[in-house]
$ cat query.cif   # mmCIF, C-alpha atoms and all ligand atoms
data_final
loop_
_atom_site.label_atom_id
_atom_site.label_comp_id
_atom_site.auth_asym_id
_atom_site.auth_seq_id
_atom_site.Cartn_x
_atom_site.Cartn_y
_atom_site.Cartn_z
CA MET A 1372 -14.10 -8.08 9.07
CA GLU A 1373 -16.39 -7.32 12.04
CA PRO A 1374 -18.40 -4.13 11.59
CA ASP A 1375 -17.15 -1.37 13.86
CA LEU A 1376 -15.49 -3.71 16.37
CA PHE A 1377 -14.14 -0.87 18.50
CA GLY A 1378 -16.60 1.81 17.44
CA THR A 1379 -13.84 3.82 15.75
CA ARG A 1380 -14.59 3.33 12.06
CA ARG A 1381 -15.11 6.58 10.22
CA ASP A 1382 -15.18 7.64 6.55
CA GLU A 1383 -13.32 10.80 5.60
CA PRO A 1384 -13.79 11.88 1.96
CA LEU A 1385 -10.70 13.50 0.39
CA GLY A 1386 -12.46 14.75 -2.75
CA PRO A 1387 -13.87 13.00 -5.84
CA GLY A 1388 -12.63 9.39 -5.99
CA ALA A 1389 -10.63 9.42 -2.75
CA MET A 1390 -11.46 8.53 0.84
CA ILE A 1391 -9.79 7.68 4.14
CA LEU A 1392 -11.47 4.81 5.98
CA ARG A 1393 -10.37 5.30 9.59
CA GLY A 1394 -10.01 2.24 11.79
CA PHE A 1395 -11.03 -0.16 9.02
CA ALA A 1396 -8.35 -2.84 9.61
CA PRO A 1397 -7.09 -2.89 13.23
CA ASP A 1398 -7.01 -6.71 13.47
CA PRO A 1399 -3.57 -7.95 14.67
CA ALA A 1400 -4.00 -10.84 12.21
CA MET A 1401 -3.13 -8.35 9.46
CA VAL A 1402 0.37 -7.99 10.92
CA GLU A 1403 0.69 -11.76 11.37
CA GLU A 1404 -0.11 -12.23 7.67
CA VAL A 1405 2.67 -9.80 6.78
CA ALA A 1406 5.15 -11.80 8.88
CA HIS A 1407 4.07 -14.94 7.04
CA ILE A 1408 4.56 -13.26 3.66
CA ALA A 1409 7.99 -11.94 4.65
CA GLY A 1410 8.95 -15.47 5.76
CA ILE A 1411 8.52 -16.58 2.13
CA SER A 1412 9.56 -13.45 0.21
CA PRO A 1413 11.71 -11.38 2.58
CA PHE A 1414 11.66 -7.59 2.79
CA ARG A 1415 14.50 -6.12 0.73
CA GLN A 1416 15.70 -2.74 -0.45
CA MET A 1417 15.39 -2.36 -4.21
CA GLN A 1418 17.41 -0.22 -6.60
CA THR A 1419 15.97 2.58 -8.70
CA PRO A 1420 16.65 2.54 -12.46
CA GLY A 1421 19.12 5.36 -11.71
CA GLY A 1422 21.04 3.11 -9.31
CA ARG A 1423 19.94 4.56 -5.98
CA THR A 1424 18.80 2.35 -3.09
CA ILE A 1425 15.14 2.79 -2.11
CA GLY A 1426 14.89 3.46 1.67
CA VAL A 1427 11.58 1.66 2.12
CA GLU A 1428 11.93 -2.14 2.35
CA MET A 1429 9.54 -4.01 0.09
CA THR A 1430 8.02 -7.35 -0.67
CA ASN A 1431 4.79 -8.44 -2.38
CA CYS A 1432 2.00 -10.95 -2.32
CA GLY A 1433 -0.43 -11.92 -5.05
CA ALA A 1434 -0.06 -13.07 -8.66
CA LEU A 1435 2.14 -10.09 -9.50
CA GLY A 1436 4.69 -8.11 -7.52
CA TRP A 1437 6.07 -4.63 -8.08
CA VAL A 1438 9.83 -4.57 -8.61
CA SER A 1439 12.43 -1.93 -9.38
CA ASP A 1440 15.99 -2.39 -10.57
CA ARG A 1441 18.36 -0.97 -13.18
CA ARG A 1442 15.94 -2.13 -15.89
CA GLY A 1443 13.04 -0.06 -14.56
CA TYR A 1444 9.80 -0.34 -12.59
CA ARG A 1445 7.45 -3.20 -13.47
CA TYR A 1446 5.30 -6.07 -12.24
CA GLU A 1447 6.74 -9.59 -12.16
CA PRO A 1448 5.09 -12.96 -11.42
CA LEU A 1449 8.28 -14.29 -9.79
CA ASP A 1450 10.20 -12.84 -6.86
CA PRO A 1451 13.66 -12.07 -8.30
CA LEU A 1452 15.19 -12.80 -4.88
CA THR A 1453 13.81 -16.34 -4.56
CA GLY A 1454 13.07 -17.19 -8.19
CA ARG A 1455 9.66 -18.40 -7.02
CA PRO A 1456 6.12 -16.96 -7.25
CA TRP A 1457 5.26 -14.28 -4.71
CA PRO A 1458 3.32 -15.63 -1.71
CA GLU A 1459 -0.41 -15.91 -2.28
CA MET A 1460 -2.60 -12.96 -1.42
CA PRO A 1461 -4.29 -13.96 1.87
CA GLN A 1462 -8.07 -14.26 1.57
CA ARG A 1463 -8.38 -11.80 4.45
CA PHE A 1464 -6.40 -9.21 2.46
CA ARG A 1465 -8.38 -9.70 -0.72
CA GLN A 1466 -11.69 -9.40 1.11
CA LEU A 1467 -10.60 -6.31 3.00
CA ALA A 1468 -9.42 -4.57 -0.17
CA GLN A 1469 -12.64 -5.40 -2.01
CA GLU A 1470 -14.81 -4.24 0.88
CA ALA A 1471 -12.89 -0.97 1.24
CA ALA A 1472 -12.96 -0.28 -2.49
CA ALA A 1473 -16.71 -0.88 -2.63
CA ARG A 1474 -17.25 1.41 0.34
CA ALA A 1475 -15.32 4.16 -1.44
CA GLY A 1476 -17.40 3.74 -4.61
CA PHE A 1477 -15.43 1.11 -6.55
CA PRO A 1478 -17.38 -2.16 -6.61
CA ASP A 1479 -15.85 -5.18 -8.39
CA PHE A 1480 -12.24 -4.38 -7.43
CA ARG A 1481 -10.22 -7.53 -8.03
CA PRO A 1482 -6.64 -6.89 -6.91
CA ASP A 1483 -3.94 -9.10 -8.42
CA ALA A 1484 -0.99 -7.40 -6.71
CA CYS A 1485 -0.21 -6.24 -3.19
CA LEU A 1486 2.97 -4.27 -2.56
CA VAL A 1487 4.08 -4.49 1.07
CA ASN A 1488 6.19 -1.54 2.26
CA ARG A 1489 8.14 -1.43 5.51
CA TYR A 1490 9.26 1.93 6.90
CA VAL A 1491 11.59 2.38 9.84
CA PRO A 1492 12.13 5.77 11.52
CA GLY A 1493 14.02 8.13 9.23
CA VAL A 1494 12.61 6.60 6.05
CA LYS A 1495 10.18 8.37 3.71
CA MET A 1496 8.55 7.91 0.32
CA GLY A 1497 8.74 10.94 -1.94
CA LEU A 1498 5.78 12.28 -3.92
CA HIS A 1499 4.96 10.02 -6.85
CA GLN A 1500 2.10 8.67 -8.96
CA ASP A 1501 1.18 4.97 -9.14
CA ARG A 1502 1.18 4.46 -12.88
CA ASP A 1503 2.91 1.13 -13.52
CA GLU A 1504 -0.43 -0.69 -13.56
CA ALA A 1505 -2.04 -1.69 -16.86
CA ASP A 1506 -5.51 -1.06 -15.42
CA LEU A 1507 -5.88 2.55 -14.34
CA ASP A 1508 -9.66 2.13 -13.99
CA ALA A 1509 -9.15 0.10 -10.82
CA PRO A 1510 -8.47 2.04 -7.61
CA ILE A 1511 -5.52 1.80 -5.22
CA VAL A 1512 -6.36 0.54 -1.74
CA SER A 1513 -3.75 1.37 0.89
CA VAL A 1514 -3.62 -0.08 4.42
CA SER A 1515 -1.53 1.39 7.24
CA LEU A 1516 -0.29 -0.81 10.10
CA GLY A 1517 1.95 -0.06 13.08
CA LEU A 1518 3.61 3.30 13.65
CA PRO A 1519 1.75 6.45 12.56
CA ALA A 1520 2.83 8.41 9.50
CA THR A 1521 1.95 11.57 7.61
CA PHE A 1522 0.44 10.88 4.20
CA GLN A 1523 0.70 13.60 1.55
CA PHE A 1524 -2.07 13.64 -1.02
CA GLY A 1525 -2.13 16.05 -3.95
CA GLY A 1526 -3.80 16.19 -7.34
CA PRO A 1527 -3.13 14.72 -10.78
CA ARG A 1528 -0.55 17.39 -11.65
CA ARG A 1529 2.84 17.51 -9.98
CA GLY A 1530 2.44 21.09 -8.81
CA ASP A 1531 -1.09 20.66 -7.38
CA PRO A 1532 -1.44 21.58 -3.71
CA VAL A 1533 -0.70 18.73 -1.33
CA ALA A 1534 -2.66 18.09 1.89
CA LYS A 1535 -1.25 16.21 4.88
CA HIS A 1536 -3.19 13.48 6.65
CA ALA A 1537 -2.11 11.55 9.74
CA LEU A 1538 -2.52 7.80 9.20
CA THR A 1539 -2.50 5.44 12.16
CA HIS A 1540 -2.74 1.69 12.63
CA GLY A 1541 -5.77 0.29 10.84
CA ASP A 1542 -6.48 3.28 8.60
CA LEU A 1543 -7.13 2.74 4.88
CA VAL A 1544 -6.95 5.14 1.97
CA VAL A 1545 -8.70 4.43 -1.33
CA TRP A 1546 -8.11 6.50 -4.46
CA GLY A 1547 -9.41 5.85 -7.95
CA GLY A 1548 -11.45 7.32 -10.80
CA PRO A 1549 -10.62 11.03 -11.08
CA ALA A 1550 -8.08 10.67 -8.23
CA ARG A 1551 -6.34 7.55 -9.57
CA LEU A 1552 -3.18 9.38 -10.69
CA ASN A 1553 -3.00 11.80 -7.77
CA TRP A 1554 0.48 12.47 -6.46
CA HIS A 1555 1.13 11.08 -2.98
CA GLY A 1556 3.90 10.26 -0.55
CA ILE A 1557 4.88 9.62 3.05
CA LEU A 1558 6.89 12.07 5.18
CA THR A 1559 9.93 10.84 7.10
CA LEU A 1560 8.78 8.35 9.73
CA LYS A 1561 9.22 9.55 13.31
CA PRO A 1562 10.82 7.32 15.96
CA GLY A 1563 8.41 5.19 17.99
CA GLU A 1564 7.38 1.73 19.10
CA HIS A 1565 4.13 0.05 18.18
CA PRO A 1566 2.89 -2.98 20.15
CA LEU A 1567 2.27 -4.98 16.95
CA THR A 1568 5.09 -3.89 14.64
CA GLY A 1569 7.83 -2.51 16.94
CA ALA A 1570 9.78 0.39 15.46
CA ALA A 1571 8.17 0.16 12.03
CA ARG A 1572 5.23 1.09 9.87
CA ILE A 1573 3.85 -1.42 7.38
CA ASN A 1574 1.84 -0.33 4.37
CA LEU A 1575 -0.06 -2.58 1.98
CA THR A 1576 -1.18 -1.26 -1.40
CA PHE A 1577 -3.59 -3.35 -3.40
CA ARG A 1578 -3.63 -2.82 -7.15
CA ARG A 1579 -4.99 -4.28 -10.34
CA ALA A 1580 -1.72 -4.57 -12.24
CA ARG A 1581 -2.95 -6.23 -15.45
C1 LIG B 1601 2.76 3.95 -1.79
O1 LIG B 1601 2.46 5.03 -2.26
O2 LIG B 1601 3.05 2.98 -2.51
C2 LIG B 1601 2.78 3.76 -0.29
C3 LIG B 1601 2.03 4.78 0.47
C4 LIG B 1601 2.11 4.51 1.95
O3 LIG B 1601 3.10 3.96 2.44
O4 LIG B 1601 1.14 4.86 2.66
FE FE2 B 1602 2.16 4.99 -4.35
#
$ encode --input "query.cif" --output "structure tokens"
Amino acid sequence: MEPDLFGTRRDEPLGPGAMILRGFAPDPAMVEEVAHIAGISPFRQMQTPGGRTIGVEMTNCGALGWVSDRRGYRYEPLDPLTGRPWPEMPQRFRQLAQEAAARAGFPDFRPDACLVNRYVPGVKMGLHQDRDEADLDAPIVSVSLGLPATFQFGGPRRGDPVAKHALTHGDLVVWGGPARLNWHGILTLKPGEHPLTGAARINLTFRRAR
């Protein structure tokens, strides 16, 4: 990725182990890669183990994909919708995630899973921890594309205070080490149109699942 293409890159530490990298991934090619992935493994709404429908539409790329259904949350090498492997993780994605992780203090990040979330206005993601990964030493690298959203970021305990951060197209968030199990979520997406994604926000989260 070109260094500071538009002069808007900026690091914003969120505390030990966590950082926002503003303007790190504005390249429209990111959105084109998502369209390619969704052409192979389409966005779909999954079910929670309790039988509710998750509002955020999801797909994956990489060796493993995150899935949820009546049997629980887990990582699977095959897309249950197509019966085939998830689309490959684009080299551009892998490189971006590694670069961002290193910048935030996590060299040697080798993601094997990338969950792709699609939010439309009215959809949110409640506070949760990412703890379905076997490797909790590796950080989470999150990329925001399209419509802006409000990211909530708390601490490792459910009741810890939660701060709100506006995330716009091209912003990354990295959390790992002491922040790896911090609670986080996305407030209800506001209506809007983005030139690259239309009325939607796309989020990529890179993980080391095994
Ligand atoms: C997630 O926590 O998996 C997604 C966060 C986001 O959409 O920014
Ligand atoms: Fe998460």
$ residues_near_ligand --input "query.cif" --ligand "ligand FE2 1602 (chain B)" --cutoff "8 Å" --atoms "only C-alpha atoms and all ligand atoms" --output "number ranges by chain"
A: 1499-1501, 1554-1556, 1576
$ residues_around --input "query.cif" --residues "segment 1488-1490 of chain A" --least-positions-apart "3" --cutoff "8 Å" --atoms "only C-alpha atoms" --output "list in words"
Phe1414, Gly1426, Val1427, Glu1428, Met1429, Thr1430, Val1494, Lys1495, Leu1560, Ala1571, Arg1572, Ile1573, Asn1574 and Leu1575 of chain A
$ closest_residue --input "query.cif" --among "A:Val1512, A:Asp1503, A:Arg1441, A:Val1533" --to "Gln1469 of chain A" --atoms "all atoms listed in the file"
A:Val1512
$ closest_residue --input "query.cif" --among "A:Met1390, A:Ala1550, A:Val1544, A:Ala1473" --to "Leu1507 of chain A" --atoms "all atoms listed in the file"
A:Ala1550
$ atom_distance --input "query.cif" --atom1 "atom CA of Asp1440 of chain A" --atom2 "atom CA of Gln1418 of chain A"
4.7 Å
$ residues_near_point --input "query.cif" --point "(9.1, 7.4, 13.3)" --cutoff "9 Å" --atoms "all atoms listed in the file" --output "list in words"
Tyr1490, Val1491, Pro1492, Gly1493, Val1494, Leu1518, Pro1519, Ala1520, Thr1559, Leu1560, Lys1561, Pro1562, Gly1563, Glu1564, Ala1570, Ala1571 and Arg1572 of chain A
$ closest_residue --input "query.cif" --among "A:Met1460, A:Ala1396, A:Leu1435, A:Leu1552" --to "Asp1508 of chain A" --atoms "only C-alpha atoms"
A:Leu1552
$ closest_residue --input "query.cif" --among "A:Leu1538, A:Ala1484, A:Met1496, A:Ala1471" --to "Ala1434 of chain A" --atoms "all atoms listed in the file"
A:Ala1484
$ closest_residue --input "query.cif" --among "A:Leu1567, A:Ala1505, A:Val1405, A:Ile1391" --to "ligand LIG 1601 (chain B)" --atoms "all atoms listed in the file"
A:Ile1391
$ closest_residue --input "query.cif" --among "A:Ser1412, A:Asn1553, A:Ser1515, A:Asn1431" --to "Cys1485 of chain A" --atoms "all atoms listed in the file"
A:Asn1431
$ atom_distance --input "query.cif" --atom1 "atom CA of Glu1403 of chain A" --atom2 "atom CA of Thr1568 of chain A"
9.6 Å
$ atom_distance --input "query.cif" --atom1 "atom CA of Gly1525 of chain A" --atom2 "atom O2 of ligand LIG 1601 (chain B)"
14.1 Å
$ residues_around --input "query.cif" --residues "Phe1577 of chain A" --least-positions-apart "4" --cutoff "10 Å" --atoms "all atoms listed in the file" --output "ChimeraX atom specification"
/A:1431-1433,1460,1464-1465,1467-1469,1472,1480-1487,1509-1514,1545
$ residues_around --input "query.cif" --residues "Thr1521 of chain A" --least-positions-apart "5" --cutoff "6 Å" --atoms "only C-alpha atoms" --output "VMD selection string"
chain A and resid 1536 to 1537 1557 to 1558
$ residues_around --input "query.cif" --residues "Leu1449 of chain A" --least-positions-apart "3" --cutoff "9 Å" --atoms "all atoms listed in the file" --output "PyMOL selection string"
chain A and resi 1434-1436+1452-1457
$ build_atoms --input "query.cif" --residues "segment 1427-1455 of chain A" --atoms "N, CA and C atoms" --output "mmCIF file, keeping the file's coordinate frame"
data_model
loop_
_atom_site.group_PDB
_atom_site.id
_atom_site.type_symbol
_atom_site.label_atom_id
_atom_site.label_comp_id
_atom_site.auth_asym_id
_atom_site.auth_seq_id
_atom_site.Cartn_x
_atom_site.Cartn_y
_atom_site.Cartn_z
ATOM 1 N N VAL A 1427 12.656 2.532 1.664
ATOM 2 C CA VAL A 1427 11.580 1.660 2.120
ATOM 3 C C VAL A 1427 11.914 0.220 1.727
ATOM 4 N N GLU A 1428 11.738 -0.716 2.676
ATOM 5 C CA GLU A 1428 11.930 -2.140 2.350
ATOM 6 C C GLU A 1428 10.624 -2.678 1.773
ATOM 7 N N MET A 1429 10.743 -3.549 0.796
ATOM 8 C CA MET A 1429 9.540 -4.010 0.090
ATOM 9 C C MET A 1429 9.504 -5.507 -0.120
ATOM 10 N N THR A 1430 8.282 -6.022 -0.155
ATOM 11 C CA THR A 1430 8.020 -7.350 -0.670
ATOM 12 C C THR A 1430 6.617 -7.301 -1.284
ATOM 13 N N ASN A 1431 6.105 -8.412 -1.742
ATOM 14 C CA ASN A 1431 4.790 -8.440 -2.380
ATOM 15 C C ASN A 1431 4.081 -9.736 -2.063
ATOM 16 N N CYS A 1432 2.754 -9.707 -2.232
ATOM 17 C CA CYS A 1432 2.000 -10.950 -2.320
ATOM 18 C C CYS A 1432 0.990 -10.801 -3.452
ATOM 19 N N GLY A 1433 0.509 -11.948 -3.932
ATOM 20 C CA GLY A 1433 -0.430 -11.920 -5.050
ATOM 21 C C GLY A 1433 0.223 -12.445 -6.321
ATOM 22 N N ALA A 1434 -0.537 -12.499 -7.392
ATOM 23 C CA ALA A 1434 -0.060 -13.070 -8.660
ATOM 24 C C ALA A 1434 1.096 -12.272 -9.244
ATOM 25 N N LEU A 1435 1.087 -10.957 -8.978
ATOM 26 C CA LEU A 1435 2.140 -10.090 -9.500
ATOM 27 C C LEU A 1435 2.747 -9.257 -8.379
ATOM 28 N N GLY A 1436 4.029 -8.957 -8.512
ATOM 29 C CA GLY A 1436 4.690 -8.110 -7.520
ATOM 30 C C GLY A 1436 5.411 -6.964 -8.193
ATOM 31 N N TRP A 1437 5.383 -5.811 -7.534
ATOM 32 C CA TRP A 1437 6.070 -4.630 -8.080
ATOM 33 C C TRP A 1437 7.558 -4.751 -7.793
ATOM 34 N N VAL A 1438 8.384 -4.557 -8.824
ATOM 35 C CA VAL A 1438 9.830 -4.570 -8.610
ATOM 36 C C VAL A 1438 10.475 -3.373 -9.309
ATOM 37 N N SER A 1439 11.618 -2.985 -8.771
ATOM 38 C CA SER A 1439 12.430 -1.930 -9.380
ATOM 39 C C SER A 1439 13.879 -2.365 -9.360
ATOM 40 N N ASP A 1440 14.551 -2.156 -10.491
ATOM 41 C CA ASP A 1440 15.990 -2.390 -10.570
ATOM 42 C C ASP A 1440 16.534 -1.533 -11.716
ATOM 43 N N ARG A 1441 17.762 -1.808 -12.142
ATOM 44 C CA ARG A 1441 18.360 -0.970 -13.180
ATOM 45 C C ARG A 1441 17.555 -0.969 -14.477
ATOM 46 N N ARG A 1442 16.728 -2.021 -14.655
ATOM 47 C CA ARG A 1442 15.940 -2.130 -15.890
ATOM 48 C C ARG A 1442 14.620 -1.375 -15.828
ATOM 49 N N GLY A 1443 14.272 -0.856 -14.655
ATOM 50 C CA GLY A 1443 13.040 -0.060 -14.560
ATOM 51 C C GLY A 1443 12.076 -0.578 -13.500
ATOM 52 N N TYR A 1444 10.896 0.051 -13.468
ATOM 53 C CA TYR A 1444 9.800 -0.340 -12.590
ATOM 54 C C TYR A 1444 8.874 -1.248 -13.372
ATOM 55 N N ARG A 1445 8.398 -2.322 -12.758
ATOM 56 C CA ARG A 1445 7.450 -3.200 -13.470
ATOM 57 C C ARG A 1445 6.836 -4.213 -12.502
ATOM 58 N N TYR A 1446 5.888 -4.978 -13.008
ATOM 59 C CA TYR A 1446 5.300 -6.070 -12.240
ATOM 60 C C TYR A 1446 5.841 -7.393 -12.752
ATOM 61 N N GLU A 1447 6.170 -8.289 -11.816
ATOM 62 C CA GLU A 1447 6.740 -9.590 -12.160
ATOM 63 C C GLU A 1447 5.986 -10.698 -11.420
ATOM 64 N N PRO A 1448 5.768 -11.836 -12.096
ATOM 65 C CA PRO A 1448 5.090 -12.960 -11.420
ATOM 66 C C PRO A 1448 6.017 -13.731 -10.473
ATOM 67 N N LEU A 1449 7.327 -13.586 -10.657
ATOM 68 C CA LEU A 1449 8.280 -14.290 -9.790
ATOM 69 C C LEU A 1449 9.065 -13.287 -8.968
ATOM 70 N N ASP A 1450 9.339 -13.654 -7.715
ATOM 71 C CA ASP A 1450 10.200 -12.840 -6.860
ATOM 72 C C ASP A 1450 11.643 -13.005 -7.334
ATOM 73 N N PRO A 1451 12.292 -11.925 -7.783
ATOM 74 C CA PRO A 1451 13.660 -12.070 -8.300
ATOM 75 C C PRO A 1451 14.654 -12.559 -7.244
ATOM 76 N N LEU A 1452 14.295 -12.371 -5.961
ATOM 77 C CA LEU A 1452 15.190 -12.800 -4.880
ATOM 78 C C LEU A 1452 15.147 -14.312 -4.673
ATOM 79 N N THR A 1453 13.970 -14.902 -4.832
ATOM 80 C CA THR A 1453 13.810 -16.340 -4.560
ATOM 81 C C THR A 1453 13.664 -17.145 -5.850
ATOM 82 N N GLY A 1454 13.335 -16.482 -6.937
ATOM 83 C CA GLY A 1454 13.070 -17.190 -8.190
ATOM 84 C C GLY A 1454 11.739 -17.928 -8.182
ATOM 85 N N ARG A 1455 10.945 -17.694 -7.139
ATOM 86 C CA ARG A 1455 9.660 -18.400 -7.020
ATOM 87 C C ARG A 1455 8.504 -17.391 -7.060
#
